[in-house]
>>> print(open('work38.txt').read())   # compact mmCIF, C-alpha atoms and all ligand atoms
# COMPACT_ATOMS: atom_id res chain seq x y z
CA MET A 1 5.66 -24.55 29.26
CA SER A 2 6.91 -20.97 29.06
CA TYR A 3 6.97 -18.84 25.93
CA GLN A 4 9.12 -15.88 24.89
CA GLN A 5 6.55 -13.94 22.92
CA LEU A 6 3.26 -15.13 24.34
CA VAL A 7 1.83 -14.83 27.83
CA LEU A 8 -0.89 -17.32 28.75
CA GLU A 9 -3.52 -16.87 31.43
CA LYS A 10 -6.13 -19.48 32.18
CA SER A 11 -9.41 -18.29 33.65
CA GLY A 12 -11.54 -21.40 34.18
CA PRO A 13 -12.53 -22.58 30.67
CA VAL A 14 -10.98 -19.55 28.92
CA LEU A 15 -7.38 -19.30 27.71
CA LEU A 16 -6.12 -15.74 27.23
CA VAL A 17 -3.16 -15.52 24.85
CA SER A 18 -1.34 -12.15 24.87
CA ILE A 19 1.27 -11.30 22.29
CA ASN A 20 4.13 -9.88 24.31
CA ARG A 21 6.73 -8.05 22.24
CA PRO A 22 5.58 -4.47 22.86
CA GLU A 23 9.01 -3.01 22.07
CA ALA A 24 8.43 -4.04 18.42
CA LEU A 25 4.67 -3.36 18.59
CA ASN A 26 4.10 -7.14 18.58
CA ALA A 27 5.47 -7.54 15.04
CA LEU A 28 4.94 -11.16 14.01
CA ASN A 29 8.12 -13.19 13.45
CA THR A 30 8.98 -16.88 13.01
CA LYS A 31 9.21 -17.38 16.78
CA PHE A 32 5.68 -16.00 17.20
CA PHE A 33 4.28 -18.49 14.67
CA GLU A 34 6.17 -21.40 16.28
CA GLU A 35 4.86 -20.47 19.71
CA MET A 36 1.27 -19.91 18.54
CA ASN A 37 1.26 -23.39 16.99
CA GLN A 38 2.64 -24.85 20.21
CA VAL A 39 -0.14 -23.19 22.22
CA LEU A 40 -2.78 -24.64 19.85
CA ASP A 41 -1.16 -28.09 20.18
CA ARG A 42 -0.78 -27.99 23.95
CA GLU A 43 -2.55 -25.60 26.34
CA ALA A 44 -5.49 -24.76 24.04
CA SER A 45 -6.19 -28.42 23.32
CA ASP A 46 -6.78 -29.17 27.02
CA SER A 47 -10.38 -30.43 27.26
CA GLU A 48 -11.08 -27.94 30.11
CA ILE A 49 -10.48 -25.04 27.70
CA ARG A 50 -13.61 -24.07 25.78
CA CYS A 51 -12.72 -20.69 24.28
CA LEU A 52 -9.61 -18.61 23.52
CA ILE A 53 -8.96 -14.87 23.43
CA ILE A 54 -6.01 -13.39 21.57
CA THR A 55 -4.86 -9.88 22.47
CA GLY A 56 -1.66 -7.81 22.46
CA GLN A 57 0.34 -6.19 25.24
CA GLY A 58 1.24 -2.51 24.98
CA LYS A 59 -0.14 -0.15 22.35
CA ALA A 60 -0.47 -2.72 19.55
CA PHE A 61 -2.37 -5.90 18.88
CA GLY A 62 0.14 -6.50 16.12
CA ALA A 63 1.80 -3.96 13.80
CA GLY A 64 2.29 -6.50 11.04
CA ALA A 65 4.80 -9.09 9.98
CA ASP A 66 8.29 -8.36 11.29
CA ILE A 67 9.83 -6.07 8.67
CA ALA A 68 13.34 -6.50 10.14
CA GLU A 69 13.05 -10.29 9.72
CA MET A 70 11.64 -10.01 6.19
CA VAL A 71 13.87 -7.34 4.65
CA ASP A 72 16.69 -9.61 3.43
CA LYS A 73 14.61 -12.61 2.42
CA ASN A 74 14.72 -13.81 -1.18
CA GLU A 75 11.66 -14.92 -3.19
CA VAL A 76 11.68 -18.48 -1.89
CA GLU A 77 12.17 -17.40 1.72
CA GLY A 78 9.48 -14.71 1.37
CA ALA A 79 6.98 -17.27 0.09
CA ALA A 80 7.94 -19.69 2.90
CA PHE A 81 7.30 -16.96 5.50
CA SER A 82 3.94 -16.26 3.90
CA LYS A 83 3.06 -19.97 4.00
CA LEU A 84 4.04 -20.27 7.67
CA GLY A 85 1.69 -17.41 8.55
CA GLN A 86 -1.10 -18.62 6.27
CA ASP A 87 -0.97 -22.14 7.72
CA THR A 88 -1.03 -20.81 11.29
CA PHE A 89 -3.96 -18.48 10.62
CA ARG A 90 -5.83 -21.25 8.80
CA ARG A 91 -5.38 -23.39 11.92
CA ILE A 92 -6.90 -20.59 14.01
CA GLU A 93 -9.81 -20.33 11.57
CA GLN A 94 -10.36 -24.10 11.67
CA TYR A 95 -9.55 -24.64 15.33
CA PRO A 96 -12.32 -26.66 17.01
CA LYS A 97 -12.76 -24.02 19.74
CA PRO A 98 -13.85 -20.40 19.23
CA ILE A 99 -11.08 -17.79 19.18
CA ILE A 100 -11.95 -14.13 19.89
CA ALA A 101 -9.64 -11.26 18.92
CA ALA A 102 -9.50 -8.47 21.53
CA LEU A 103 -7.96 -5.59 19.60
CA ASN A 104 -6.26 -3.27 22.05
CA GLY A 105 -4.31 -1.06 19.60
CA PHE A 106 -2.65 -1.14 16.16
CA ALA A 107 -3.85 -4.08 14.05
CA LEU A 108 -1.90 -3.53 10.84
CA GLY A 109 -0.82 -5.79 8.00
CA GLY A 110 -0.20 -9.26 9.45
CA GLY A 111 -1.75 -8.10 12.74
CA MET A 112 -5.01 -7.29 10.98
CA GLU A 113 -4.76 -10.61 9.09
CA LEU A 114 -4.44 -12.45 12.42
CA ALA A 115 -7.50 -10.60 13.74
CA MET A 116 -9.46 -11.53 10.60
CA ALA A 117 -8.62 -15.22 11.05
CA CYS A 118 -10.25 -15.16 14.51
CA ASP A 119 -13.97 -15.91 14.82
CA PHE A 120 -15.01 -12.40 15.78
CA ARG A 121 -13.36 -9.17 16.85
CA LEU A 122 -13.83 -6.70 19.70
CA ALA A 123 -11.98 -3.41 19.42
CA SER A 124 -10.85 -0.78 21.88
CA GLU A 125 -11.74 2.76 20.84
CA LYS A 126 -7.96 3.21 20.55
CA ALA A 127 -7.48 0.43 17.96
CA LYS A 128 -6.31 1.32 14.46
CA PHE A 129 -6.64 -0.89 11.40
CA GLY A 130 -4.98 -1.03 8.03
CA GLN A 131 -3.28 -3.07 5.36
CA PRO A 132 -0.17 -0.93 4.75
CA GLU A 133 1.75 -3.52 2.70
CA VAL A 134 1.75 -1.47 -0.53
CA ASN A 135 3.68 1.23 1.37
CA LEU A 136 6.47 -1.35 1.60
CA GLY A 137 6.19 -2.58 -1.97
CA LEU A 138 4.44 -5.72 -0.70
CA ILE A 139 0.99 -7.26 -0.64
CA PRO A 140 -0.62 -9.05 2.32
CA GLY A 141 0.85 -12.54 2.63
CA TYR A 142 -1.34 -14.13 5.32
CA ALA A 143 -4.50 -14.35 3.18
CA GLY A 144 -5.54 -10.76 3.94
CA THR A 145 -6.49 -10.19 0.30
CA GLN A 146 -8.88 -13.12 0.57
CA ARG A 147 -10.32 -12.61 4.05
CA LEU A 148 -10.84 -8.85 3.88
CA SER A 149 -13.06 -8.99 0.81
CA ARG A 150 -15.06 -11.87 2.29
CA LEU A 151 -15.40 -10.10 5.66
CA THR A 152 -16.45 -6.79 4.09
CA ASN A 153 -17.00 -6.46 0.36
CA PRO A 154 -14.68 -6.12 -2.65
CA GLY A 155 -14.94 -2.30 -2.74
CA THR A 156 -14.08 -1.82 0.94
CA ALA A 157 -11.28 -4.40 0.72
CA LEU A 158 -9.72 -2.77 -2.34
CA TYR A 159 -10.07 0.71 -0.82
CA LEU A 160 -8.08 -0.41 2.24
CA LEU A 161 -5.59 -2.58 0.32
CA LEU A 162 -4.84 -0.03 -2.40
CA THR A 163 -4.66 3.16 -0.32
CA ALA A 164 -3.08 1.63 2.82
CA GLU A 165 -5.14 4.15 4.79
CA MET A 166 -5.31 3.57 8.51
CA ILE A 167 -8.87 3.55 9.87
CA ASN A 168 -10.19 3.87 13.41
CA ALA A 169 -12.38 1.45 15.34
CA ALA A 170 -15.62 3.25 14.46
CA ASP A 171 -14.87 2.86 10.74
CA ALA A 172 -13.84 -0.77 11.24
CA PHE A 173 -17.20 -1.35 12.95
CA GLN A 174 -19.06 0.35 10.13
CA TYR A 175 -17.29 -1.89 7.57
CA GLY A 176 -18.13 -5.03 9.57
CA ILE A 177 -14.51 -5.77 10.41
CA VAL A 178 -15.19 -5.61 14.16
CA GLN A 179 -18.37 -6.60 15.94
CA LYS A 180 -18.13 -4.28 18.99
CA VAL A 181 -16.20 -1.15 19.95
CA LEU A 182 -15.46 -0.65 23.64
CA ALA A 183 -13.79 1.84 25.95
CA PRO A 184 -10.16 0.72 26.41
CA ASP A 185 -10.68 -0.32 30.05
CA GLU A 186 -13.77 -2.35 29.14
CA LEU A 187 -12.25 -4.35 26.28
CA MET A 188 -10.84 -7.30 28.20
CA ASP A 189 -13.83 -7.56 30.58
CA GLU A 190 -16.17 -7.81 27.61
CA ALA A 191 -13.94 -10.30 25.80
CA MET A 192 -13.84 -12.44 28.94
CA ARG A 193 -17.60 -12.14 29.48
CA LEU A 194 -18.32 -13.33 25.95
CA ALA A 195 -15.74 -16.13 26.16
CA GLN A 196 -17.27 -17.36 29.44
CA LEU A 197 -20.75 -17.15 27.88
CA ILE A 198 -19.62 -19.36 24.98
CA ALA A 199 -17.93 -21.73 27.41
CA GLU A 200 -21.30 -22.42 29.10
CA LYS A 201 -22.91 -23.67 25.86
CA GLY A 202 -22.97 -27.22 24.60
CA PRO A 203 -19.33 -27.87 23.63
CA LYS A 204 -20.17 -30.11 20.66
CA ALA A 205 -22.74 -27.61 19.39
CA VAL A 206 -20.18 -24.79 19.68
CA GLU A 207 -17.57 -26.78 17.76
CA LYS A 208 -20.07 -27.70 15.07
CA VAL A 209 -21.57 -24.24 14.67
CA LYS A 210 -18.06 -22.86 14.07
CA ARG A 211 -17.18 -25.61 11.60
CA VAL A 212 -20.44 -25.53 9.65
CA THR A 213 -20.41 -21.72 9.42
CA ARG A 214 -16.74 -21.57 8.47
CA GLN A 215 -16.84 -24.41 5.92
CA GLY A 216 -20.08 -23.07 4.50
CA PHE A 217 -18.16 -20.07 3.12
CA GLU A 218 -16.19 -22.44 0.92
CA LEU A 219 -19.19 -24.49 -0.27
CA SER A 220 -22.30 -23.85 -2.29
CA PHE A 221 -25.49 -22.98 -0.33
CA LYS A 222 -26.83 -26.46 -1.10
CA GLU A 223 -23.70 -28.24 0.11
CA GLY A 224 -23.53 -26.04 3.22
CA SER A 225 -27.17 -26.74 4.05
CA GLU A 226 -26.62 -30.48 3.62
CA MET A 227 -23.66 -30.32 5.99
CA GLU A 228 -25.84 -28.41 8.48
CA THR A 229 -28.55 -31.12 8.33
CA LYS A 230 -25.97 -33.86 8.95
CA GLU A 231 -24.37 -32.04 11.89
CA PHE A 232 -27.77 -31.03 13.31
CA GLY A 233 -28.82 -34.68 13.27
CA SER A 234 -25.58 -35.82 14.89
CA LEU A 235 -26.42 -33.86 18.06
CA PHE A 236 -29.67 -35.74 18.66
CA GLY A 237 -29.61 -38.47 21.28
CA ASN A 238 -26.54 -37.00 22.94
CA GLU A 239 -25.68 -33.37 23.66
CA GLY A 240 -28.91 -32.12 22.08
CA ARG A 241 -30.96 -34.43 24.31
CA THR A 242 -29.04 -33.19 27.38
CA GLY A 243 -29.77 -29.55 26.50
CA MET A 244 -33.42 -30.03 25.53
CA THR A 245 -34.16 -32.25 28.56
CA ALA A 246 -32.63 -29.65 30.88
CA PHE A 247 -34.76 -26.93 29.25
CA LEU A 248 -37.96 -28.94 29.76
CA LYS A 249 -37.03 -29.66 33.38
CA LYS A 250 -36.08 -25.98 33.89
CA GLU A 251 -32.57 -27.05 34.89
CA LYS A 252 -29.09 -26.02 33.86
CA PRO A 253 -27.65 -28.58 31.42
CA ASN A 254 -24.75 -30.69 32.61
CA TRP A 255 -22.86 -31.27 29.37
CA LYS A 256 -20.40 -33.84 30.68
N1 LIG A 301 8.05 -4.95 11.97
C1 LIG A 301 9.15 -4.73 12.71
N2 LIG A 301 9.26 -3.76 13.62
C2 LIG A 301 8.19 -2.94 13.78
C3 LIG A 301 7.02 -3.09 13.02
C4 LIG A 301 6.97 -4.16 12.08
N3 LIG A 301 5.87 -4.42 11.34
N4 LIG A 301 6.16 -2.12 13.37
C5 LIG A 301 6.77 -1.40 14.33
N5 LIG A 301 8.00 -1.89 14.57
C6 LIG A 301 8.99 -1.38 15.52
C7 LIG A 301 9.62 -0.07 15.03
O1 LIG A 301 10.64 -0.33 14.10
C8 LIG A 301 10.10 0.51 16.33
O2 LIG A 301 11.33 -0.12 16.68
P1 LIG A 301 12.56 0.77 17.27
O3 LIG A 301 12.04 1.34 18.56
O4 LIG A 301 13.63 -0.25 17.45
O5 LIG A 301 12.83 1.82 16.25
C9 LIG A 301 9.07 0.07 17.35
O6 LIG A 301 8.38 -1.02 16.74
C10 LIG A 301 8.06 1.14 17.66
O7 LIG A 301 7.50 1.60 16.42
P2 LIG A 301 7.41 3.16 16.03
O8 LIG A 301 8.50 3.93 16.70
O9 LIG A 301 7.32 3.23 14.55
O10 LIG A 301 6.03 3.55 16.74
P3 LIG A 301 5.02 4.71 16.33
O11 LIG A 301 4.02 4.79 17.41
O12 LIG A 301 5.77 5.95 15.95
O13 LIG A 301 4.32 4.19 14.96
C11 LIG A 301 3.19 2.52 13.59
C12 LIG A 301 3.45 3.08 15.02
C13 LIG A 301 2.40 3.54 12.81
C14 LIG A 301 2.39 1.26 13.77
C15 LIG A 301 4.56 2.25 12.90
O14 LIG A 301 5.37 1.48 13.78
C16 LIG A 301 4.43 1.48 11.62
O15 LIG A 301 4.04 2.05 10.60
N6 LIG A 301 4.78 0.17 11.62
C17 LIG A 301 4.80 -0.66 10.44
C18 LIG A 301 3.40 -1.06 10.04
C19 LIG A 301 3.44 -1.89 8.79
O16 LIG A 301 3.87 -1.45 7.73
N7 LIG A 301 2.96 -3.14 8.92
C20 LIG A 301 2.90 -4.03 7.80
C21 LIG A 301 4.09 -4.93 7.79
S1 LIG A 301 4.11 -5.96 6.34
C22 LIG A 301 3.04 -7.17 6.66
O17 LIG A 301 2.44 -7.24 7.72
C23 LIG A 301 2.82 -8.16 5.57
C24 LIG A 301 2.11 -9.39 6.09
C25 LIG A 301 2.32 -10.54 5.19
C26 LIG A 301 3.75 -10.98 5.17
C27 LIG A 301 3.91 -12.19 4.37
C28 LIG A 301 5.25 -12.83 4.53
C29 LIG A 301 6.18 -12.67 3.39
>>> encode(input="work38.txt", output="structure tokens")
Amino acid sequence: MSYQQLVLEKSGPVLLVSINRPEALNALNTKFFEEMNQVLDREASDSEIRCLIITGQGKAFGAGADIAEMVDKNEVEGAAFSKLGQDTFRRIEQYPKPIIAALNGFALGGGMELAMACDFRLASEKAKFGQPEVNLGLIPGYAGTQRLSRLTNPGTALYLLLTAEMINAADAFQYGIVQKVLAPDELMDEAMRLAQLIAEKGPKAVEKVKRVTRQGFELSFKEGSEMETKEFGSLFGNEGRTGMTAFLKKEKPNWK
């Protein structure tokens, strides 16, 4: 399957998805969302794939939703475009395999919202972050208002959302938006190293740790802890036994 706006590279158990519309700084349009959903349905769902990386080609990760596509939309069409993006990013958040954002450059508006939907974020020293929607008379439409305050805190989120100030990678790290800042030529190596590391772990445990952590944000502490107990128990006798037995025998676990 070939895509117009995405380039896929498989490296063993890791699928690298690069957004490839550098002439428009990888602005996110309807075609992008259609193709991203197709990748999640097809290539990413292959049982050999254990972890995904999303990055951008050129000087941007993504400079936001495509302003040229949005400019003439009416209220109903604007809301539909928001819903398409929200549903796609929710799928990324809930996808049963980890998805790492490797932020090579501008991550603005919808591009920053895509990054926030991923499980964690690595940034090049060259990356720039911001929610510039108010400059356009808009607000974030891909759940950025919700994710940014949960990822950071209400004060940091409102500072960025209200001023539309662009911040650098060091500031994004300080605010907890990104987990690591790397030299530009080290970004993809580190993303791949971490993805391969995750791919070596128990696949059921990885899927469950993502789900329990993610769903826990939307539950009370008590409900989240109960879900953890249930999922913890479900690993006994199968993948958990494989991993613990291998440890006791000083062997590498064979998860299959
Ligand atoms: N949409 C469409 N085209 C874009 C976008 C974008 N978001 N960003 C950049 N481009 C295009 C430019 O128009 C330009 O095209 P052309 O060469 O044909 O003129 C090309 O990319 C290169 O851009 P610049 O020449 O501007 O490059 P610079 O290096 O000078 O500047 C910036 C880089 C600072 C990133 C600048 O391009 C910029 O400010 N871009 C817009 C950033 C922005 O406002 N993003 C937010 C968009 S709104 C949004 O994301 C809302 C999300 C929720 C939507 C919900 C649905 C309703």
>>> atom_distance(input="work38.txt", atom1="CA of Ala143 (chain A)", atom2="CA of Gln38 (chain A)")
21.2 Å
>>> closest_residue(input="work38.txt", among="A:Leu103, A:Val134, A:Leu158, A:Ile139", to="Val178 (chain A)", atoms="only C-alpha atoms")
A:Leu103
>>> residues_around(input="work38.txt", residues="region 59-74 of chain A", least_positions_apart="2", cutoff="6 Å", atoms="all atoms listed in the file", output="list in words")
Leu25, Asn26, Ala27, Leu28, Asn29, Thr55, Gly56, Val76, Glu77, Gly78, Leu103, Asn104, Gly105, Phe106, Ala107, Leu108, Gly109, Gly110 and Gly111 of chain A
>>> residues_near_point(input="work38.txt", point="(-21.0, -30.9, 13.1)", cutoff="10 Å", atoms="all atoms listed in the file", output="number ranges by chain")
A: 204-213, 227-235
>>> write_last_selection(input="work38.txt", atoms="C-alpha atoms", output="mmCIF file, keeping the file's coordinate frame")
data_model
loop_
_atom_site.group_PDB
_atom_site.id
_atom_site.type_symbol
_atom_site.label_atom_id
_atom_site.label_comp_id
_atom_site.auth_asym_id
_atom_site.auth_seq_id
_atom_site.Cartn_x
_atom_site.Cartn_y
_atom_site.Cartn_z
ATOM 1 C CA LYS A 204 -20.170 -30.110 20.660
ATOM 2 C CA ALA A 205 -22.740 -27.610 19.390
ATOM 3 C CA VAL A 206 -20.180 -24.790 19.680
ATOM 4 C CA GLU A 207 -17.570 -26.780 17.760
ATOM 5 C CA LYS A 208 -20.070 -27.700 15.070
ATOM 6 C CA VAL A 209 -21.570 -24.240 14.670
ATOM 7 C CA LYS A 210 -18.060 -22.860 14.070
ATOM 8 C CA ARG A 211 -17.180 -25.610 11.600
ATOM 9 C CA VAL A 212 -20.440 -25.530 9.650
ATOM 10 C CA THR A 213 -20.410 -21.720 9.420
ATOM 11 C CA MET A 227 -23.660 -30.320 5.990
ATOM 12 C CA GLU A 228 -25.840 -28.410 8.480
ATOM 13 C CA THR A 229 -28.550 -31.120 8.330
ATOM 14 C CA LYS A 230 -25.970 -33.860 8.950
ATOM 15 C CA GLU A 231 -24.370 -32.040 11.890
ATOM 16 C CA PHE A 232 -27.770 -31.030 13.310
ATOM 17 C CA GLY A 233 -28.820 -34.680 13.270
ATOM 18 C CA SER A 234 -25.580 -35.820 14.890
ATOM 19 C CA LEU A 235 -26.420 -33.860 18.060
#
>>> atom_distance(input="work38.txt", atom1="CA of Glu165 (chain A)", atom2="CA of Lys128 (chain A)")
10.1 Å
>>> atom_distance(input="work38.txt", atom1="CA of Ser124 (chain A)", atom2="CA of Asp87 (chain A)")
27.5 Å
>>> closest_residue(input="work38.txt", among="A:Tyr175, A:Phe221, A:Phe129, A:Tyr95", to="ligand LIG 301 (chain A)", atoms="all atoms listed in the file")
A:Phe129
>>> closest_residue(input="work38.txt", among="A:Ala164, A:Ile100, A:Glu93, A:Arg147", to="Gln215 (chain A)", atoms="all atoms listed in the file")
A:Glu93
>>> residues_near_point(input="work38.txt", point="(-3.4, -12.6, 23.9)", cutoff="12 Å", atoms="all atoms listed in the file", output="mmCIF file with C-alpha atoms, in the coordinates of the input")
data_model
loop_
_atom_site.group_PDB
_atom_site.id
_atom_site.type_symbol
_atom_site.label_atom_id
_atom_site.label_comp_id
_atom_site.auth_asym_id
_atom_site.auth_seq_id
_atom_site.Cartn_x
_atom_site.Cartn_y
_atom_site.Cartn_z
ATOM 1 C CA GLN A 5 6.550 -13.940 22.920
ATOM 2 C CA LEU A 6 3.260 -15.130 24.340
ATOM 3 C CA VAL A 7 1.830 -14.830 27.830
ATOM 4 C CA LEU A 8 -0.890 -17.320 28.750
ATOM 5 C CA GLU A 9 -3.520 -16.870 31.430
ATOM 6 C CA LYS A 10 -6.130 -19.480 32.180
ATOM 7 C CA VAL A 14 -10.980 -19.550 28.920
ATOM 8 C CA LEU A 15 -7.380 -19.300 27.710
ATOM 9 C CA LEU A 16 -6.120 -15.740 27.230
ATOM 10 C CA VAL A 17 -3.160 -15.520 24.850
ATOM 11 C CA SER A 18 -1.340 -12.150 24.870
ATOM 12 C CA ILE A 19 1.270 -11.300 22.290
ATOM 13 C CA ASN A 20 4.130 -9.880 24.310
ATOM 14 C CA ARG A 21 6.730 -8.050 22.240
ATOM 15 C CA ASN A 26 4.100 -7.140 18.580
ATOM 16 C CA PHE A 32 5.680 -16.000 17.200
ATOM 17 C CA MET A 36 1.270 -19.910 18.540
ATOM 18 C CA VAL A 39 -0.140 -23.190 22.220
ATOM 19 C CA LEU A 52 -9.610 -18.610 23.520
ATOM 20 C CA ILE A 53 -8.960 -14.870 23.430
ATOM 21 C CA ILE A 54 -6.010 -13.390 21.570
ATOM 22 C CA THR A 55 -4.860 -9.880 22.470
ATOM 23 C CA GLY A 56 -1.660 -7.810 22.460
ATOM 24 C CA GLN A 57 0.340 -6.190 25.240
ATOM 25 C CA GLY A 58 1.240 -2.510 24.980
ATOM 26 C CA ALA A 60 -0.470 -2.720 19.550
ATOM 27 C CA PHE A 61 -2.370 -5.900 18.880
ATOM 28 C CA GLY A 62 0.140 -6.500 16.120
ATOM 29 C CA ILE A 99 -11.080 -17.790 19.180
ATOM 30 C CA ILE A 100 -11.950 -14.130 19.890
ATOM 31 C CA ALA A 101 -9.640 -11.260 18.920
ATOM 32 C CA ALA A 102 -9.500 -8.470 21.530
ATOM 33 C CA LEU A 103 -7.960 -5.590 19.600
ATOM 34 C CA ASN A 104 -6.260 -3.270 22.050
ATOM 35 C CA LEU A 114 -4.440 -12.450 12.420
ATOM 36 C CA ALA A 115 -7.500 -10.600 13.740
ATOM 37 C CA CYS A 118 -10.250 -15.160 14.510
ATOM 38 C CA MET A 188 -10.840 -7.300 28.200
ATOM 39 C CA ALA A 191 -13.940 -10.300 25.800
ATOM 40 C CA MET A 192 -13.840 -12.440 28.940
#
>>> closest_residue(input="work38.txt", among="A:Met166, A:Val181, A:Ile49, A:Leu148", to="ligand LIG 301 (chain A)", atoms="all atoms listed in the file")
A:Met166
>>> closest_residue(input="work38.txt", among="A:Glu34, A:Glu186, A:Asp171, A:Glu23", to="ligand LIG 301 (chain A)", atoms="all atoms listed in the file")
A:Glu23
>>> axis_aligned_box(input="work38.txt", around="ligand LIG 301 (chain A)", padding_each_side="5 Å", output="JSON")
{"center_x": 7.9, "center_y": -3.4, "center_z": 11.0, "size_x": 21.5, "size_y": 28.8, "size_z": 25.2}
>>> closest_residue(input="work38.txt", among="A:Leu197, A:Ala169, A:Ala127, A:Leu151", to="ligand LIG 301 (chain A)", atoms="all atoms listed in the file")
A:Ala127
>>> decode(input="work38.txt", residues="region 28-34 of chain A", atoms="all heavy atoms", output="PDB file, in the first residue's frame")
ATOM      1  N   LEU A  28      -1.782  19.404   8.532  1.00  0.00           N
ATOM      2  CA  LEU A  28      -2.639  18.210   8.580  1.00  0.00           C
ATOM      3  C   LEU A  28      -3.961  18.477   7.848  1.00  0.00           C
ATOM      4  O   LEU A  28      -4.721  19.367   8.236  1.00  0.00           O
ATOM      5  CB  LEU A  28      -2.909  17.834  10.038  1.00  0.00           C
ATOM      6  CG  LEU A  28      -1.658  17.708  10.938  1.00  0.00           C
ATOM      7  CD1 LEU A  28      -2.057  17.345  12.359  1.00  0.00           C
ATOM      8  CD2 LEU A  28      -0.674  16.690  10.378  1.00  0.00           C
ATOM      9  N   ASN A  29      -4.222  17.690   6.805  1.00  0.00           N
ATOM     10  CA  ASN A  29      -5.472  17.846   6.051  1.00  0.00           C
ATOM     11  C   ASN A  29      -6.273  16.535   6.083  1.00  0.00           C
ATOM     12  O   ASN A  29      -5.853  15.544   6.696  1.00  0.00           O
ATOM     13  CB  ASN A  29      -5.184  18.322   4.619  1.00  0.00           C
ATOM     14  CG  ASN A  29      -4.294  17.339   3.860  1.00  0.00           C
ATOM     15  OD1 ASN A  29      -4.039  16.242   4.330  1.00  0.00           O
ATOM     16  ND2 ASN A  29      -3.828  17.750   2.692  1.00  0.00           N
ATOM     17  N   THR A  30      -7.412  16.539   5.406  1.00  0.00           N
ATOM     18  CA  THR A  30      -8.285  15.352   5.430  1.00  0.00           C
ATOM     19  C   THR A  30      -7.540  14.114   4.945  1.00  0.00           C
ATOM     20  O   THR A  30      -7.674  13.030   5.533  1.00  0.00           O
ATOM     21  CB  THR A  30      -9.521  15.599   4.540  1.00  0.00           C
ATOM     22  OG1 THR A  30     -10.210  16.737   5.073  1.00  0.00           O
ATOM     23  CG2 THR A  30     -10.459  14.419   4.525  1.00  0.00           C
ATOM     24  N   LYS A  31      -6.749  14.272   3.898  1.00  0.00           N
ATOM     25  CA  LYS A  31      -6.001  13.132   3.333  1.00  0.00           C
ATOM     26  C   LYS A  31      -5.056  12.540   4.394  1.00  0.00           C
ATOM     27  O   LYS A  31      -4.939  11.316   4.510  1.00  0.00           O
ATOM     28  CB  LYS A  31      -5.200  13.626   2.122  1.00  0.00           C
ATOM     29  CG  LYS A  31      -4.497  12.562   1.363  1.00  0.00           C
ATOM     30  CD  LYS A  31      -5.461  11.892   0.410  1.00  0.00           C
ATOM     31  CE  LYS A  31      -4.846  10.674  -0.227  1.00  0.00           C
ATOM     32  NZ  LYS A  31      -5.874   9.754  -0.687  1.00  0.00           N
ATOM     33  N   PHE A  32      -4.406  13.421   5.163  1.00  0.00           N
ATOM     34  CA  PHE A  32      -3.513  12.937   6.224  1.00  0.00           C
ATOM     35  C   PHE A  32      -4.293  12.046   7.203  1.00  0.00           C
ATOM     36  O   PHE A  32      -3.843  10.955   7.569  1.00  0.00           O
ATOM     37  CB  PHE A  32      -2.867  14.109   6.991  1.00  0.00           C
ATOM     38  CG  PHE A  32      -2.308  13.691   8.327  1.00  0.00           C
ATOM     39  CD1 PHE A  32      -1.068  13.088   8.416  1.00  0.00           C
ATOM     40  CD2 PHE A  32      -3.059  13.861   9.490  1.00  0.00           C
ATOM     41  CE1 PHE A  32      -0.574  12.660   9.644  1.00  0.00           C
ATOM     42  CE2 PHE A  32      -2.570  13.434  10.721  1.00  0.00           C
ATOM     43  CZ  PHE A  32      -1.325  12.831  10.802  1.00  0.00           C
ATOM     44  N   PHE A  33      -5.478  12.532   7.633  1.00  0.00           N
ATOM     45  CA  PHE A  33      -6.232  11.756   8.628  1.00  0.00           C
ATOM     46  C   PHE A  33      -6.696  10.420   8.040  1.00  0.00           C
ATOM     47  O   PHE A  33      -6.639   9.391   8.715  1.00  0.00           O
ATOM     48  CB  PHE A  33      -7.416  12.572   9.159  1.00  0.00           C
ATOM     49  CG  PHE A  33      -6.980  13.723  10.021  1.00  0.00           C
ATOM     50  CD1 PHE A  33      -7.176  15.032   9.630  1.00  0.00           C
ATOM     51  CD2 PHE A  33      -6.337  13.493  11.222  1.00  0.00           C
ATOM     52  CE1 PHE A  33      -6.747  16.097  10.420  1.00  0.00           C
ATOM     53  CE2 PHE A  33      -5.897  14.543  12.027  1.00  0.00           C
ATOM     54  CZ  PHE A  33      -6.106  15.847  11.618  1.00  0.00           C
ATOM     55  N   GLU A  34      -7.123  10.444   6.759  1.00  0.00           N
ATOM     56  CA  GLU A  34      -7.535   9.185   6.112  1.00  0.00           C
ATOM     57  C   GLU A  34      -6.366   8.206   6.081  1.00  0.00           C
ATOM     58  O   GLU A  34      -6.513   7.029   6.425  1.00  0.00           O
ATOM     59  CB  GLU A  34      -7.986   9.465   4.674  1.00  0.00           C
ATOM     60  CG  GLU A  34      -9.363  10.095   4.596  1.00  0.00           C
ATOM     61  CD  GLU A  34      -9.707  10.579   3.181  1.00  0.00           C
ATOM     62  OE1 GLU A  34      -8.915  10.380   2.243  1.00  0.00           O
ATOM     63  OE2 GLU A  34     -10.792  11.162   3.037  1.00  0.00           O
TER      64      GLU A  34
END
